[in-house]
Amino acid sequence: MKLMHEMPTPPGAAEFSELVKNRLTEVRDAGGTRETVTVDWHGQPLHVDVIDVPLRELYFNPVTHRIRAQRSYNPTLDEALDTEPFSERSQDYLRHLLQASPSDPDRRDTEFTYLLESLKDFGQNEPGLITHQGVLVNGNTRAAALREIGAQTMRVGVLPASFEWADIVAIELSLQLRPDNRRDYSYINRLLAMEEQAELGRSPEVVAKEFRIRVATYEQERWILGVIRDQIERSKANGSGPALRLIDFEEQQEKLKEVHRAYNKLYSSDPDQAEALKEMRLAAINLGLAKTAVRAIEDGTVFRHDYLDRRLPKHLVPEDVAGEAIEVPGLGLTVSATIPAVAAARALNDQVLKAKAAARGNTESAATIEASATFSQLKDAFDHATDVAERQGKLKKRRQLASERLTEASLDIEQCVADFAQARASRSLDEESFDDALLKLRASLRKLAKQVGRGIQNPGDGVAWLHDAASSEGPK
């Protein structure tokens with residue numbers, strides 16, 4: 001993507017700038033109350049005048065954060081946006097993306113449809129924002145909708161002529177991050193905007209404050225974008241050819257966040273197993289599995305050996321061989337991938353990535369047909385494996401539930417010991433309430449002993465103690 005300061009001058013910029021200058025003069029000379037737009041400029045409010053301008057002479061912003069990720073939908077047109085951002089075909093591509101669903105540019109976004117109907121019924125409520133040269137800084141989507149309903153003009157605020165592209169991008173970002181903004185950035189576009197701010201040298205604390213999130217959340221989002229970029233790069237066959245796109249991850253927000261949490265939880269105790277778990281869960285996400293199915297992969301190595309390998313065609317089963325050291329995206333760390341489990345998990349995910357990317361090629365080509373078949377085989381194997389793993393996981397939890405509750409009760413009793421000692425030392429113990437609670441505990445233990453006596457044929461020391469304690473003398 002072309003850098004902001006490298007943007008060429010739009011066609012007709014000089015004539016449009018003169019038009020803007022004249023209309024601003026007319027507004028200021030007319031007297032009375034003028035309509036203005038307020039923008040944040042280096043922490044201070046900047047008030048700019050609003051004028052009417054011909055809609056056909058405005059240009060969609062090629063570096064708007066609104067559709068940054070969606071640009072990759074068509075690589076050829078994406079490249080044209082860098083070389084000729086104000087050409088007719090580039091502007092048509094931007095118009096299409098502004099109307100499209102963030103996760104599937106083949107479909108129209110329902111929010112754009114709502115905006116269209118609102119403009120038809122009520123007209124333009126809030127002005128857009130443009131540069132002196134006619135490039136839309138804010139209101140790109142509104143301009144696309146106004147053109148579709150046949151509007152001839154648009155009300156816009158005009159930024160000072162001295163503003164550079166870096167200033168323009170910063171102002172657009174600040175406007176879009178206002179809490180009352182009606183249409184939020186898509187998930188990937190927010191990640192890209194955060195990355196852009198970091199590349200400008202801003203600290204995590206500053207960026208997190210600007211996006212109204214915690215620093216920990218910012219660091220999580222940066223990690224996720226690093227993982228996404230890594231997945232895209234690895235999806236290329238032999239380092240070239242078809243690849244996944246940023247928009248392919250647009251609807252995976254919650255799944256990717258769960259991967260990050262699971263990875264971080266395991267990384268401190270076992271970095272290799274954390275890496276294997278990450279690769280296996282990412283493979284499931286890339287195959288389009290549901291969130292509950294992805295969660296069923298609780299241990300990457302166990303899942304592959306116990307559930308997945310036997311369901312994969314033999315030619316797709318990865319070999320347990322040592323791999324090379326790999327970089328952890330977003331953390332600046334290098335993880336040794338010498339253990340076979342990590343290398344195998346990574347190889348399996350690579351198969352998924354390459355098959356998914358290649359399957360979008362020419363539908364009549366042999367390579368695309370083969371990739372589609374491979375992707376289907378991988379998905380079927382993961383579907384069946386995660387289904388079994390999920391059922392086994394639920395069964396395991398049911399088996400452990402009673403034990404876990406007793407463990408929690410033991411911890412409560414240990415806390416009760418401390419509470420009792422403190423109450424006795426301060427002579428504040430309510431003896432009658434304490435005695436009633438003990439009687440309830442005895443009754444509960446007798447109920448438990450009765451059930452345990454029916455279900456365990458070869459009792460251990462714990463069960464024997466429970467039976468003796470519950471059957472001791474005392475009122476039933």
# chains A, B, ... in the order shown; residues from 1 in each chain; ligands from 1
call {"tool": "select_by_dssp", "arguments": {"residues": "range 282-458 of chain A", "states": "alpha helix (DSSP H)", "output": "ChimeraX atom specification"}}
result
/A:282-286,291-295,300-303,340-358,366-425,431-455
call {"tool": "residues_around", "arguments": {"residues": "range 466-469 of chain A", "least_positions_apart": "3", "cutoff": "6 Å", "atoms": "only C-alpha atoms", "output": "ChimeraX atom specification"}}
result
/A:449,463,472
call {"tool": "closest_residue", "arguments": {"among": "A:Glu79, A:Asp49, A:Glu117, A:Glu254", "to": "Gly157 in chain A", "atoms": "only C-alpha atoms"}}
result
A:Asp49
call {"tool": "atom_distance", "arguments": {"atom1": "CA of Ser186 in chain A", "atom2": "CA of Gln70 in chain A"}}
result
9.6 Å
call {"tool": "atom_distance", "arguments": {"atom1": "CA of Ala161 in chain A", "atom2": "CA of Thr131 in chain A"}}
result
7.0 Å
call {"tool": "residues_around", "arguments": {"residues": "range 365-380 of chain A", "least_positions_apart": "6", "cutoff": "6 Å", "atoms": "only C-alpha atoms", "output": "PDB file with N, CA, C and O atoms, in the first residue's frame"}}
result
ATOM      1  N   LEU A 287     -10.351 -23.915   8.620  1.00  0.00           N
ATOM      2  CA  LEU A 287     -11.286 -24.844   7.977  1.00  0.00           C
ATOM      3  C   LEU A 287     -12.735 -24.424   8.175  1.00  0.00           C
ATOM      4  O   LEU A 287     -13.639 -25.048   7.623  1.00  0.00           O
ATOM      5  N   ALA A 355      -4.228 -25.310   0.795  1.00  0.00           N
ATOM      6  CA  ALA A 355      -5.405 -25.845   0.109  1.00  0.00           C
ATOM      7  C   ALA A 355      -6.520 -24.813   0.043  1.00  0.00           C
ATOM      8  O   ALA A 355      -7.195 -24.664  -0.989  1.00  0.00           O
ATOM      9  N   ALA A 358      -5.465 -22.108  -2.570  1.00  0.00           N
ATOM     10  CA  ALA A 358      -5.466 -22.613  -3.947  1.00  0.00           C
ATOM     11  C   ALA A 358      -6.867 -22.949  -4.431  1.00  0.00           C
ATOM     12  O   ALA A 358      -7.132 -22.893  -5.631  1.00  0.00           O
ATOM     13  N   ALA A 359      -7.767 -23.277  -3.519  1.00  0.00           N
ATOM     14  CA  ALA A 359      -9.127 -23.651  -3.912  1.00  0.00           C
ATOM     15  C   ALA A 359      -9.912 -22.489  -4.501  1.00  0.00           C
ATOM     16  O   ALA A 359     -10.967 -22.697  -5.106  1.00  0.00           O
TER      17      ALA A 359
END
